[in-house]
Structures are given as structure tokens and as C-alpha cells.
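S.K.: You'll find entry06.cif just under this line, and it carries mmCIF, C-alpha atoms.
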data_coords
loop_
_atom_site.label_atom_id
_atom_site.label_comp_id
_atom_site.auth_asym_id
_atom_site.auth_seq_id
_atom_site.Cartn_x
_atom_site.Cartn_y
_atom_site.Cartn_z
CA MET A 1 -6.24 12.84 15.38
CA LYS A 2 -8.58 10.86 13.19
CA ARG A 3 -6.83 8.51 10.78
CA GLN A 4 -7.76 8.23 7.15
CA PRO A 5 -8.72 4.72 6.05
CA ALA A 6 -5.69 2.99 4.55
CA PRO A 7 -5.66 2.71 0.76
CA ASP A 8 -5.53 -0.79 -0.77
CA ARG A 9 -1.91 -0.39 -1.76
CA VAL A 10 -0.91 0.38 1.82
CA VAL A 11 -2.70 -2.75 3.03
CA ARG A 12 -0.95 -4.70 0.29
CA ARG A 13 2.43 -3.45 1.48
CA LEU A 14 1.58 -4.50 5.04
CA SER A 15 1.53 -8.07 3.72
CA LEU A 16 4.99 -7.53 2.25
CA TYR A 17 6.32 -6.11 5.54
CA LEU A 18 4.77 -8.98 7.46
CA ARG A 19 6.42 -11.58 5.26
CA GLN A 20 9.77 -9.83 5.55
CA LEU A 21 9.47 -9.58 9.34
CA GLU A 22 8.65 -13.28 9.51
CA HIS A 23 11.84 -14.04 7.58
CA LEU A 24 13.81 -11.90 10.06
CA ALA A 25 12.18 -13.63 13.05
CA GLU A 26 13.07 -17.05 11.61
CA ARG A 27 16.68 -15.92 11.47
CA GLY A 28 16.54 -14.86 15.12
CA ILE A 29 16.66 -11.12 14.42
CA ASP A 30 14.66 -9.12 16.97
CA LYS A 31 15.11 -5.49 15.89
CA VAL A 32 14.87 -3.85 12.49
CA SER A 33 15.07 -0.29 11.19
CA SER A 34 12.64 1.07 8.62
CA SER A 35 15.47 1.25 6.07
CA GLN A 36 16.43 -2.39 6.67
CA LEU A 37 12.79 -3.38 6.30
CA ALA A 38 12.49 -1.28 3.15
CA GLY A 39 15.78 -2.48 1.65
CA SER A 40 14.79 -5.79 0.20
CA LEU A 41 11.30 -4.65 -0.81
CA GLN A 42 12.09 -1.83 -3.22
CA VAL A 43 10.21 0.78 -1.22
CA SER A 44 11.72 3.71 0.67
CA ALA A 45 12.23 3.81 4.42
CA ALA A 46 9.97 6.87 4.54
CA GLN A 47 7.23 4.85 2.81
CA VAL A 48 7.53 2.09 5.41
CA ARG A 49 7.19 4.60 8.25
CA LYS A 50 4.27 6.37 6.58
CA ASP A 51 2.45 3.10 5.85
CA LEU A 52 2.79 1.88 9.43
CA ALA A 53 1.76 5.28 10.80
CA HIS A 54 -1.67 4.72 9.24
CA PHE A 55 -2.28 2.17 11.96
CA GLY A 56 -0.45 3.48 15.00
CA GLN A 57 2.90 4.28 16.57
CA PHE A 58 5.02 1.13 16.41
CA GLY A 59 8.70 2.05 16.13
CA ARG A 60 10.99 4.47 17.90
CA PRO A 61 13.14 7.07 16.11
CA GLY A 62 16.74 5.90 16.08
CA VAL A 63 15.81 2.51 17.54
CA GLY A 64 13.53 0.98 14.92
CA TYR A 65 10.95 -1.73 15.31
CA ARG A 66 10.89 -4.80 17.50
CA VAL A 67 10.31 -7.67 15.10
CA ARG A 68 8.08 -10.03 17.11
CA PRO A 69 5.67 -7.36 18.46
CA LEU A 70 5.39 -5.77 15.01
CA ILE A 71 4.52 -9.17 13.48
CA ASP A 72 1.76 -9.53 16.07
CA GLU A 73 0.48 -6.02 15.36
CA LEU A 74 0.45 -6.51 11.59
CA ARG A 75 -1.37 -9.83 11.95
CA ARG A 76 -3.92 -8.17 14.17
CA ILE A 77 -4.42 -5.35 11.64
CA LEU A 78 -4.72 -7.79 8.72
CA GLY A 79 -7.06 -9.99 10.73
CA THR A 80 -4.76 -13.00 10.50
CA ASP A 81 -4.05 -13.24 14.22
CA LYS A 82 -6.77 -15.89 14.06
CA THR A 83 -7.31 -18.60 11.46
CA TRP A 84 -9.93 -17.98 8.81
CA ASN A 85 -12.00 -20.77 7.33
CA VAL A 86 -12.05 -20.47 3.56
CA ILE A 87 -13.95 -22.26 0.78
CA VAL A 88 -12.99 -22.67 -2.85
CA VAL A 89 -15.81 -22.59 -5.38
CA GLY A 90 -14.96 -24.28 -8.65
CA ALA A 91 -12.83 -27.42 -8.45
CA GLY A 92 -11.33 -27.24 -11.94
CA ASN A 93 -7.60 -26.99 -12.64
CA LEU A 94 -7.13 -23.64 -10.99
CA GLY A 95 -9.37 -24.38 -8.01
CA SER A 96 -7.56 -27.67 -7.46
CA ALA A 97 -4.17 -26.00 -7.61
CA LEU A 98 -5.27 -23.34 -5.09
CA LEU A 99 -6.62 -26.04 -2.74
CA GLN A 100 -3.17 -27.62 -2.79
CA TYR A 101 -1.20 -24.38 -2.54
CA LYS A 102 0.81 -24.58 0.67
CA GLY A 103 1.18 -20.84 1.18
CA PHE A 104 -2.29 -20.17 2.58
CA LEU A 105 -2.33 -22.18 5.81
CA LYS A 106 0.80 -20.66 7.27
CA ARG A 107 -0.65 -17.20 6.63
CA GLY A 108 -3.79 -18.03 8.62
CA PHE A 109 -6.17 -19.43 6.01
CA ARG A 110 -7.59 -22.95 6.24
CA PHE A 111 -9.69 -24.54 3.52
CA VAL A 112 -12.75 -26.29 4.89
CA ALA A 113 -14.50 -27.32 1.67
CA ALA A 114 -14.57 -27.02 -2.10
CA PHE A 115 -17.70 -26.72 -4.19
CA ASP A 116 -18.57 -27.62 -7.75
CA VAL A 117 -21.59 -28.68 -9.76
CA ALA A 118 -19.94 -31.36 -11.94
CA ARG A 119 -21.17 -34.76 -10.83
CA GLY A 120 -17.78 -36.38 -11.47
CA LYS A 121 -16.06 -34.06 -9.01
CA ILE A 122 -18.45 -34.25 -6.06
CA GLY A 123 -17.08 -36.42 -3.25
CA ARG A 124 -13.48 -36.33 -4.46
CA HIS A 125 -10.78 -35.11 -2.13
CA ILE A 126 -8.41 -32.33 -3.21
CA GLY A 127 -5.73 -31.27 -0.76
CA ASN A 128 -7.32 -31.70 2.65
CA VAL A 129 -10.93 -31.11 1.70
CA ARG A 130 -13.84 -32.80 0.03
CA VAL A 131 -15.56 -31.41 -3.05
CA ARG A 132 -19.23 -30.80 -2.25
CA HIS A 133 -22.23 -29.92 -4.35
CA MET A 134 -23.23 -26.24 -4.44
CA GLY A 135 -26.49 -27.28 -2.78
CA GLU A 136 -24.52 -27.74 0.46
CA LEU A 137 -23.01 -24.24 0.32
CA ALA A 138 -25.26 -22.42 2.79
CA ARG A 139 -25.08 -25.21 5.37
CA ILE A 140 -21.27 -25.52 5.26
CA VAL A 141 -20.73 -21.75 5.35
CA ARG A 142 -22.95 -21.54 8.42
CA ARG A 143 -21.47 -24.53 10.20
CA HIS A 144 -17.86 -23.41 9.78
CA ARG A 145 -18.60 -19.68 10.06
CA VAL A 146 -16.90 -19.14 6.70
CA LYS A 147 -16.47 -15.49 5.68
CA LEU A 148 -13.96 -15.83 2.83
CA ALA A 149 -14.34 -17.58 -0.50
CA ILE A 150 -12.08 -18.10 -3.48
CA LEU A 151 -14.00 -18.03 -6.72
CA ALA A 152 -12.48 -20.16 -9.50
CA VAL A 153 -15.46 -20.80 -11.77
CA PRO A 154 -15.79 -19.95 -15.49
CA ALA A 155 -16.41 -16.27 -16.28
CA ASP A 156 -20.01 -16.78 -17.37
CA ALA A 157 -20.95 -18.40 -14.05
CA ALA A 158 -19.06 -15.97 -11.83
CA GLN A 159 -21.75 -13.36 -11.11
CA ARG A 160 -24.43 -15.96 -10.42
CA VAL A 161 -22.17 -17.91 -8.06
CA ALA A 162 -21.01 -14.70 -6.34
CA GLU A 163 -24.62 -13.85 -5.55
CA ARG A 164 -25.11 -17.25 -3.94
CA LEU A 165 -21.96 -16.71 -1.89
CA CYS A 166 -23.18 -13.31 -0.65
CA LYS A 167 -26.57 -14.77 0.20
CA ALA A 168 -24.88 -17.55 2.18
CA GLY A 169 -23.04 -14.96 4.29
CA ILE A 170 -19.63 -14.71 2.60
CA LYS A 171 -18.04 -11.27 3.20
CA GLY A 172 -14.87 -11.48 1.10
CA ILE A 173 -14.46 -12.99 -2.36
CA LEU A 174 -11.09 -13.49 -4.03
CA ASN A 175 -12.13 -13.66 -7.66
CA PHE A 176 -10.04 -15.59 -10.17
CA ALA A 177 -12.78 -15.63 -12.81
CA PRO A 178 -12.07 -13.16 -15.63
CA ALA A 179 -15.25 -11.18 -14.93
CA THR A 180 -16.06 -8.01 -13.01
CA LEU A 181 -18.38 -8.84 -10.11
CA ALA A 182 -21.15 -6.73 -8.66
CA ALA A 183 -21.57 -7.33 -4.91
CA PRO A 184 -23.27 -5.60 -1.98
CA PRO A 185 -21.18 -2.82 -0.34
CA ASP A 186 -20.45 -4.93 2.74
CA VAL A 187 -18.80 -7.65 0.64
CA ALA A 188 -15.18 -7.14 -0.42
CA VAL A 189 -14.23 -8.41 -3.85
CA GLY A 190 -10.57 -8.84 -4.73
CA PRO A 191 -10.08 -9.47 -8.42
CA ILE A 192 -7.10 -11.60 -9.43
CA ASP A 193 -6.67 -11.00 -13.13
CA LEU A 194 -3.90 -13.32 -14.26
CA ALA A 195 -3.87 -12.07 -17.84
CA ALA A 196 -3.74 -8.46 -16.64
CA SER A 197 -0.74 -9.36 -14.49
CA LEU A 198 0.98 -10.70 -17.55
CA GLU A 199 0.03 -7.50 -19.40
CA GLN A 200 1.95 -5.54 -16.74
CA MET A 201 4.98 -7.57 -17.74
CA SER A 202 4.49 -7.14 -21.48
CA PHE A 203 4.05 -3.39 -20.92
CA ALA A 204 7.31 -3.26 -18.99
CA VAL A 205 9.18 -5.19 -21.68
CA ALA A 206 7.55 -3.38 -24.62
CA SER A 207 8.12 0.07 -23.13
CA GLY A 208 11.60 -0.81 -21.91
CA THR A 209 10.81 0.15 -18.33
CA SER A 210 11.17 -2.19 -15.43
CA THR A 211 7.99 -2.22 -13.34
CA ARG A 212 9.97 -2.12 -10.15
CA MET B 1 5.18 18.48 -22.74
CA LYS B 2 7.15 15.55 -21.45
CA ARG B 3 5.04 12.82 -19.95
CA GLN B 4 5.85 11.19 -16.62
CA PRO B 5 6.24 7.41 -16.78
CA ALA B 6 2.93 5.80 -15.84
CA PRO B 7 2.78 4.28 -12.35
CA ASP B 8 2.07 0.54 -12.06
CA ARG B 9 -1.46 1.13 -10.87
CA VAL B 10 -2.26 3.19 -13.98
CA VAL B 11 -0.97 0.40 -16.21
CA ARG B 12 -3.06 -2.05 -14.19
CA ARG B 13 -6.17 0.03 -14.81
CA LEU B 14 -5.41 0.11 -18.55
CA SER B 15 -5.96 -3.66 -18.48
CA LEU B 16 -9.32 -3.10 -16.81
CA TYR B 17 -10.33 -0.50 -19.38
CA LEU B 18 -9.22 -2.77 -22.20
CA ARG B 19 -11.29 -5.66 -20.93
CA GLN B 20 -14.33 -3.42 -20.52
CA LEU B 21 -13.90 -1.96 -24.02
CA GLU B 22 -13.68 -5.49 -25.43
CA HIS B 23 -16.99 -6.34 -23.76
CA LEU B 24 -18.53 -3.22 -25.32
CA ALA B 25 -17.13 -4.10 -28.76
CA GLU B 26 -18.58 -7.61 -28.50
CA ARG B 27 -21.96 -6.04 -27.87
CA GLY B 28 -21.58 -3.86 -30.96
CA ILE B 29 -21.13 -0.59 -29.08
CA ASP B 30 -18.79 1.79 -30.89
CA LYS B 31 -18.68 4.89 -28.68
CA VAL B 32 -18.27 5.25 -24.94
CA SER B 33 -17.92 8.18 -22.53
CA SER B 34 -15.36 8.21 -19.73
CA SER B 35 -18.17 7.97 -17.18
CA GLN B 36 -19.69 4.94 -18.92
CA LEU B 37 -16.27 3.32 -19.00
CA ALA B 38 -15.72 4.19 -15.35
CA GLY B 39 -19.17 3.10 -14.23
CA SER B 40 -18.76 -0.63 -13.96
CA LEU B 41 -15.16 -0.44 -12.78
CA GLN B 42 -15.53 1.49 -9.53
CA VAL B 43 -13.24 4.29 -10.62
CA SER B 44 -14.21 7.90 -11.37
CA ALA B 45 -14.62 9.31 -14.87
CA ALA B 46 -11.88 11.83 -14.04
CA GLN B 47 -9.57 8.96 -13.18
CA VAL B 48 -10.23 7.29 -16.53
CA ARG B 49 -9.45 10.53 -18.40
CA LYS B 50 -6.33 11.15 -16.31
CA ASP B 51 -5.06 7.58 -16.78
CA LEU B 52 -5.51 7.68 -20.54
CA ALA B 53 -3.92 11.14 -20.75
CA HIS B 54 -0.65 9.54 -19.57
CA PHE B 55 -0.40 7.98 -23.00
CA GLY B 56 -1.93 10.48 -25.39
CA GLN B 57 -5.07 12.29 -26.50
CA PHE B 58 -7.67 9.64 -27.31
CA GLY B 59 -11.16 11.00 -26.62
CA ARG B 60 -12.99 14.19 -27.41
CA PRO B 61 -14.74 16.33 -24.82
CA GLY B 62 -18.49 15.82 -25.06
CA VAL B 63 -18.07 12.98 -27.56
CA GLY B 64 -16.12 10.34 -25.69
CA TYR B 65 -14.00 7.53 -27.03
CA ARG B 66 -14.36 5.40 -30.11
CA VAL B 67 -14.30 1.85 -28.80
CA ARG B 68 -12.42 -0.02 -31.54
CA PRO B 69 -9.58 2.51 -32.01
CA LEU B 70 -9.15 2.82 -28.24
CA ILE B 71 -8.87 -0.98 -27.96
CA ASP B 72 -6.13 -0.89 -30.59
CA GLU B 73 -4.31 1.94 -28.80
CA LEU B 74 -4.47 0.22 -25.42
CA ARG B 75 -3.19 -3.04 -26.89
CA ARG B 76 -0.35 -1.16 -28.53
CA ILE B 77 0.52 0.54 -25.22
CA LEU B 78 0.37 -2.74 -23.28
CA GLY B 79 2.38 -4.47 -25.98
CA THR B 80 -0.36 -7.00 -26.69
CA ASP B 81 -1.03 -5.89 -30.27
CA LYS B 82 1.26 -8.80 -31.07
CA THR B 83 1.32 -12.28 -29.53
CA TRP B 84 3.94 -13.00 -26.87
CA ASN B 85 5.51 -16.41 -26.48
CA VAL B 86 5.51 -17.39 -22.82
CA ILE B 87 7.03 -20.25 -20.85
CA VAL B 88 5.94 -21.69 -17.53
CA VAL B 89 8.67 -22.90 -15.20
CA GLY B 90 7.49 -25.42 -12.64
CA ALA B 91 4.91 -27.94 -13.80
CA GLY B 92 3.36 -28.70 -10.40
CA ASN B 93 -0.29 -28.12 -9.54
CA LEU B 94 -0.19 -24.37 -9.99
CA GLY B 95 1.98 -24.43 -13.11
CA SER B 96 -0.31 -27.03 -14.66
CA ALA B 97 -3.40 -24.98 -13.87
CA LEU B 98 -1.84 -21.87 -15.40
CA LEU B 99 -0.87 -23.81 -18.54
CA GLN B 100 -4.52 -24.76 -18.92
CA TYR B 101 -5.95 -21.35 -18.02
CA LYS B 102 -7.91 -20.15 -21.04
CA GLY B 103 -7.67 -16.45 -20.30
CA PHE B 104 -4.10 -15.91 -21.51
CA LEU B 105 -4.30 -16.73 -25.21
CA LYS B 106 -7.11 -14.33 -26.01
CA ARG B 107 -5.15 -11.55 -24.29
CA GLY B 108 -2.15 -12.14 -26.54
CA PHE B 109 -0.07 -14.69 -24.63
CA ARG B 110 0.79 -18.11 -26.03
CA PHE B 111 2.54 -20.83 -24.07
CA VAL B 112 5.34 -22.49 -26.02
CA ALA B 113 6.82 -24.78 -23.37
CA ALA B 114 6.84 -25.75 -19.71
CA PHE B 115 9.94 -26.66 -17.72
CA ASP B 116 10.57 -28.80 -14.70
CA VAL B 117 13.33 -30.91 -13.23
CA ALA B 118 11.23 -33.86 -12.00
CA ARG B 119 11.96 -36.87 -14.19
CA GLY B 120 8.33 -38.06 -14.01
CA LYS B 121 7.05 -34.82 -15.54
CA ILE B 122 9.46 -34.40 -18.45
CA GLY B 123 7.84 -35.27 -21.77
CA ARG B 124 4.27 -35.03 -20.47
CA HIS B 125 1.84 -32.73 -22.20
CA ILE B 126 -0.09 -30.10 -20.23
CA GLY B 127 -2.51 -27.90 -22.10
CA ASN B 128 -0.92 -27.41 -25.51
CA VAL B 129 2.71 -27.75 -24.53
CA ARG B 130 5.28 -30.33 -23.59
CA VAL B 131 7.12 -30.31 -20.28
CA ARG B 132 10.85 -30.06 -20.94
CA HIS B 133 13.90 -30.38 -18.76
CA MET B 134 15.46 -27.16 -17.48
CA GLY B 135 18.54 -28.06 -19.50
CA GLU B 136 16.63 -27.13 -22.65
CA LEU B 137 15.67 -23.69 -21.32
CA ALA B 138 18.23 -21.52 -23.12
CA ARG B 139 17.67 -23.25 -26.45
CA ILE B 140 13.86 -22.97 -26.36
CA VAL B 141 13.93 -19.35 -25.18
CA ARG B 142 16.23 -18.48 -28.06
CA ARG B 143 14.34 -20.47 -30.69
CA HIS B 144 10.93 -18.98 -29.82
CA ARG B 145 12.27 -15.54 -28.87
CA VAL B 146 10.60 -15.87 -25.47
CA LYS B 147 10.70 -12.74 -23.31
CA LEU B 148 8.11 -13.60 -20.66
CA ALA B 149 8.13 -16.39 -18.10
CA ILE B 150 5.73 -17.51 -15.41
CA LEU B 151 7.57 -18.82 -12.37
CA ALA B 152 5.68 -21.48 -10.40
CA VAL B 153 8.45 -23.30 -8.57
CA PRO B 154 8.83 -23.78 -4.78
CA ALA B 155 9.99 -20.72 -2.83
CA ASP B 156 13.44 -22.10 -2.07
CA ALA B 157 14.19 -22.65 -5.77
CA ALA B 158 12.76 -19.36 -7.01
CA GLN B 159 15.84 -17.12 -6.91
CA ARG B 160 18.10 -19.73 -8.49
CA VAL B 161 15.62 -20.41 -11.30
CA ALA B 162 15.02 -16.67 -11.83
CA GLU B 163 18.73 -16.19 -12.40
CA ARG B 164 18.72 -18.90 -15.06
CA LEU B 165 15.75 -17.22 -16.72
CA CYS B 166 17.51 -13.85 -16.80
CA LYS B 167 20.66 -15.45 -18.19
CA ALA B 168 18.61 -17.12 -20.92
CA GLY B 169 17.23 -13.73 -22.00
CA ILE B 170 13.87 -13.52 -20.23
CA LYS B 171 12.85 -9.88 -19.62
CA GLY B 172 9.65 -10.26 -17.60
CA ILE B 173 8.91 -12.76 -14.84
CA LEU B 174 5.48 -13.24 -13.33
CA ASN B 175 6.39 -14.77 -9.99
CA PHE B 176 3.94 -17.07 -8.19
CA ALA B 177 6.58 -18.40 -5.80
CA PRO B 178 6.19 -16.92 -2.30
CA ALA B 179 9.65 -15.36 -2.41
CA THR B 180 11.02 -11.89 -3.19
CA LEU B 181 13.23 -12.06 -6.27
CA ALA B 182 16.33 -10.05 -7.03
CA ALA B 183 16.75 -9.44 -10.77
CA PRO B 184 18.77 -7.12 -13.01
CA PRO B 185 17.18 -3.67 -13.58
CA ASP B 186 16.22 -4.50 -17.17
CA VAL B 187 14.11 -7.47 -16.04
CA ALA B 188 10.58 -6.77 -14.76
CA VAL B 189 9.37 -8.94 -11.92
CA GLY B 190 5.66 -9.06 -11.12
CA PRO B 191 4.98 -10.78 -7.84
CA ILE B 192 1.69 -12.64 -7.48
CA ASP B 193 1.26 -13.25 -3.78
CA LEU B 194 -1.88 -15.33 -3.40
CA ALA B 195 -1.80 -15.35 0.40
CA ALA B 196 -1.35 -11.57 0.45
CA SER B 197 -4.39 -11.23 -1.81
CA LEU B 198 -6.40 -13.22 0.69
CA GLU B 199 -5.01 -11.00 3.45
CA GLN B 200 -6.52 -8.00 1.64
CA MET B 201 -9.86 -9.74 1.99
CA SER B 202 -9.41 -10.65 5.66
CA PHE B 203 -8.36 -7.05 6.33
CA ALA B 204 -11.51 -5.77 4.64
CA VAL B 205 -13.73 -8.15 6.58
CA ALA B 206 -11.94 -7.70 9.92
CA SER B 207 -11.92 -3.90 9.65
CA GLY B 208 -15.45 -3.75 8.32
CA THR B 209 -14.42 -1.82 5.21
CA SER B 210 -15.04 -2.96 1.71
CA THR B 211 -11.83 -2.83 -0.32
CA ARG B 212 -13.66 -1.36 -3.27
#
Let's see the structure in the file written out as C-alpha cells.
M.R.:
Amino acid sequence: MKRQPAPDRVVRRLSLYLRQLEHLAERGIDKVSSSQLAGSLQVSAAQVRKDLAHFGQFGRPGVGYRVRPLIDELRRILGTDKTWNVIVVGAGNLGSALLQYKGFLKRGFRFVAAFDVARGKIGRHIGNVRVRHMGELARIVRRHRVKLAILAVPADAAQRVAERLCKAGIKGILNFAPATLAAPPDVAVGPIDLAASLEQMSFAVASGTSTR
Amino acid sequence: MKRQPAPDRVVRRLSLYLRQLEHLAERGIDKVSSSQLAGSLQVSAAQVRKDLAHFGQFGRPGVGYRVRPLIDELRRILGTDKTWNVIVVGAGNLGSALLQYKGFLKRGFRFVAAFDVARGKIGRHIGNVRVRHMGELARIVRRHRVKLAILAVPADAAQRVAERLCKAGIKGILNFAPATLAAPPDVAVGPIDLAASLEQMSFAVASGTSTR
């Protein structure tokens, strides 16, 4: 049976399941049912089973899932069974905060450099990395085999910088700039629209519906 | 005909449409077809029409949508036809960056205060607001009729702080802490999981599929 490619929202839920499984593993729990996994995540047990079935046969009816092996499988599917080298482009407030955000490393993402064009920022250290001039981009990307970049530049620079990233060999861009990016089909662009996220909240409050 | 409540992903796309319409309006364009609107957003024209139909009858077959009135309608639907007062809780690196992020105000969100518990931060100014002690939370929320909060505290404090927010009258929480929050049903929680967003990118690169 040929599997359909998994929709984005399924992949997004895999991250949720993975985090939840990691919490269980930390507490020494080694088996979990789909309804236990679903419980704290506001999805149904059937949804959990259906999502996982996109990628293979992991659990057993009436027995559930083994926590540790399922963590390994989900990491393998998400590509985070190895560590990814990541760069941050734009070392302003947001870029600096992201460079210091602790949550990335333990999920398999390691920052190797930051880039900016402002003379005053070049050479400074933020988190564990040095801020470099954009002129060094291609060399650093090649040397560290970087495939993923976080884009935190102003909106009017975003498309131009994204094109340089693609040319340097970046294959995934997490875009914090409030701009829609055009990129070649082999480059994944994940837009993070902070204002739109807040609009989801205002919609929920204004319409009197919870978004959950 | 009774309308179904719009799923989260439809509401999310409304934000995309709104941004695109605002770009068009800035360029002096006053009419747009669903396929033009869809074009730059990697959705289909049928999807645009279907999404908008959740909320009413806005366009005309063969004519399309009038840009300015549709902007007004979408803002009304999203609740951003008025300005929302917003607080940021947690004035660390990420909280500080969010307080200085320019994209919120022009989308209808105004920061009125930040909160922290660290003595060294209280009284400092970040962006346009002052950092206040958590003890002032209830008073400030009441005075400014704040309904929306951005949560940028460490994971192990998130649930406790969220409960204080709910008690103070907050109805929507945009949660940047890497923790799943439990909240009353009348409070909307929007989780922003930055590591999970990067996992979407690693999945796309590892599996050789673009996420778009």
C-alpha cells in the first residue's frame, strides 16, 4: 500500500507526540496507550493512531506503544535523530533572543553562526556563536554543512537574503520576517507570523470560541 | 443555513489573506480575484472562496473582491478592527524581543506592560513599556482591560503563571514557553513551539519534500 505524503498538520502533531513521549520517558514510563498520549494534547486517540499510521505500524491493539522505541522512530521521521547545524540571519532583538533560546539544542538543533550586515554587531558573541558578516555566509554554510536557517531580518530585506541563503545551499528556512518568501521548490519555507498568531487569539476572544 | 465554526487553519489563512490584501491596498489596487489572492500564498482559488464563505458572502462571481471592504470585514472577523491591549509576561531575551517587535502594533496589538519577578528587571523600560512586578498583574489587567497575554517565562513556571493570568481575567494566551498549558475552556491558548517549527523544516529536508 502506497502511503500518502503526510500533511503539515500531521507532521506538526508528531512534534507534540514526541515532546509528550519525552516527558513520559523522563518519568520512567515505558508504555503508553493512544488515549493516554492523546489525553493531555487535546486530540482524540483515533487521531493519534491515524497520524502515526501515516508513517508505519508502531503500536499494538490493546497494548499501546513502547515509549522509548516510539521516541526513536519519531526522531528518525522528523530527521532529528542527528543534530542539525543551524544559522541565524539577522542579529537584532529577535535573532539574539532565538540564539539564546534553550529549547533548540535539546531537540537536535545547534547554532553554528549568526549573520548580520551591521558593522557594530560583527564579531560579537550571542549565545554560543559569533556574529559574522553576510560575506562569510557561503563559506560557513559549506564548512558546517548547514541546511537550516532562521531568518530574522527586516521584512524589506527578507526576499533578498532568502535568495542568498538558497544560493548558499540552505534547504529549509524558518522565516520570522513578516513577508511572504518565494523560494525554489526544493527549499522548504516555514513562516512564523507572530502577529497572525496573536490574531488567532483575538479571533477566539472576539468570537467567544476557545481555539482549542 | 447555519455555519460551522471555522477551523483554526481557516482562521490562520484569514490572517494571510488580510496581509496580502493590505499589500494590494498599499499599491492602490482596489479589486482582486480569488485566484489573484491565492496566487502568492500557495493556496488554491477554491480554498480562498471556501475559507471566506465560512464568514459570509463577500465577493461576486466573475468580479472578485473589493480590497478595502474585504480588509475591513476580515479585521472585524479577526477582532482587530479595534486595538487590543496586550501584556508580556517574562522579560527575558525572548520577552524583550517580542516587546520590541514592530509587527504587532500595525496589526492592532498594543503592549501596555511587561511583567517579571526578577528584581533587576522591575522598573526597566523595554520598547514602550515598563517592566512591573507580577504583584501588579491584576491591577494593570483591570485598569487597561487587557484580554491578551504573551507568555515568555521558563517552562517550569508556565502553568503557574498561566493560572494567575486566567484569574486576573486574561482570555487569550500566546504561549512561547515549551510547556503544554491547562486552562479553563473560556481561555484560548495558542502554543508557539519554536523547536517544533524547526522540526517541520528538518522533516521537509530529511524527507526530501517541500512543506509548501
S.K.: As a list in words, please: the residues near Ala177 (chain B) (cut-off 6 Å, all atoms listed in the file, same-chain neighbours under 3 positions excluded).
M.R.: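 Here the answer would be Ala152, Val153, Pro154 and Ala155 of chain B.
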S.K.: Quick one: which residues end up in the PyMOL selection byres ((chain B) within 6 of (chain A)) for this structure, as a PyMOL selection string?
M.R.: chain B and resi 15+78-79+93-94+97+104+172+186+188+195-196+201-203+206+210-211
S.K.: Quick one: residues within 8 Å of Ala138 (chain A), all atoms listed in the file counted, chain neighbours fewer than 3 positions away excluded, as a list in words?
M.R.: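 Neighbouring residues, sequence-local ones excluded: Gly135, Val141, Arg142, Ala168 and Gly169 of chain A.
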S.K.: Emit the selected residues as a short mmCIF file (atom, residue, chain, number, x, y, z; two decimals), keeping the file's coordinate frame, including C-alpha atoms.
M.R.:
data_model
loop_
_atom_site.label_atom_id
_atom_site.label_comp_id
_atom_site.auth_asym_id
_atom_site.auth_seq_id
_atom_site.Cartn_x
_atom_site.Cartn_y
_atom_site.Cartn_z
CA GLY A 135 -26.49 -27.28 -2.78
CA VAL A 141 -20.73 -21.75 5.35
CA ARG A 142 -22.95 -21.54 8.42
CA ALA A 168 -24.88 -17.55 2.18
CA GLY A 169 -23.04 -14.96 4.29
#
S.K.: Where's the centre, and what are the edge lengths in Å to one decimal, of a box along x, y and z enclosing all listed atoms of region 96-103 of chain B padded 6 Å per side, as AutoDock Vina command-line options?
M.R.:
--center_x -4.1 --center_y -21.7 --center_z -17.5 --size_x 19.6 --size_y 22.6 --size_z 19.2
S.K.: Can you turn the PyMOL selection byres ((chain A and resi 54) around 10) into a concrete residue list for this file, as a ChimeraX atom specification?
M.R.: /A:3-7,10-11,49-53,55-57
S.K.: Quick one: residues within 6 Å of Val89 (chain A), all atoms listed in the file, excluding same-chain residues fewer than 6 positions away - as a PyMOL selection string?
M.R.: chain A and resi 114-115+151-152
S.K.: Kindly give the distance, in Å, that separates CA of Arg130 (chain A) and CA of Ala113 (chain A), rounded to a single decimal.
M.R.: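 Going from CA of Arg130 (chain A) over to CA of Ala113 (chain A) covers 5.8 Å.
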S.K.: Could you work out how far CA of Gly127 (chain A) lies from CA of His23 (chain A), giving the answer in Å with one decimal?
M.R.: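 Taking CA of His23 (chain A) as the start and CA of Gly127 (chain A) as the end point, the length is 26.0 Å.
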S.K.: Could you tell me how far CA of His125 (chain A) lies from CA of Leu137 (chain A), in Å and to one decimal?
M.R.: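 Separation of CA of His125 (chain A) and CA of Leu137 (chain A): 16.5 Å.
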S.K.: Let me make sure I understand: among A:Tyr17, A:Gly59, A:Ile140, A:Phe111, which one has the smallest atom-to-atom distance to Val43 (chain A) if we use all atoms listed in the file?
M.R.: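 Ranked by minimum distance to Val43 (chain A), first place goes to A:Tyr17.
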S.K.: Set the distance at 7 Å and use only C-alpha atoms: which residues neighbour Asp30 (chain A) once local chain neighbours fewer than 2 positions away are removed? I'd like the list as a list in words.
M.R.: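 Selected residues are Ala25, Gly28, Val32, Arg66, Val67 and Arg68 of chain A.
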S.K.: Give me the residues within 10 Å of Arg119 (chain A) as number ranges by chain, counting only C-alpha atoms and dropping any in the same chain fewer than 3 places off.
M.R.: A: 116, 122-123, 132-133
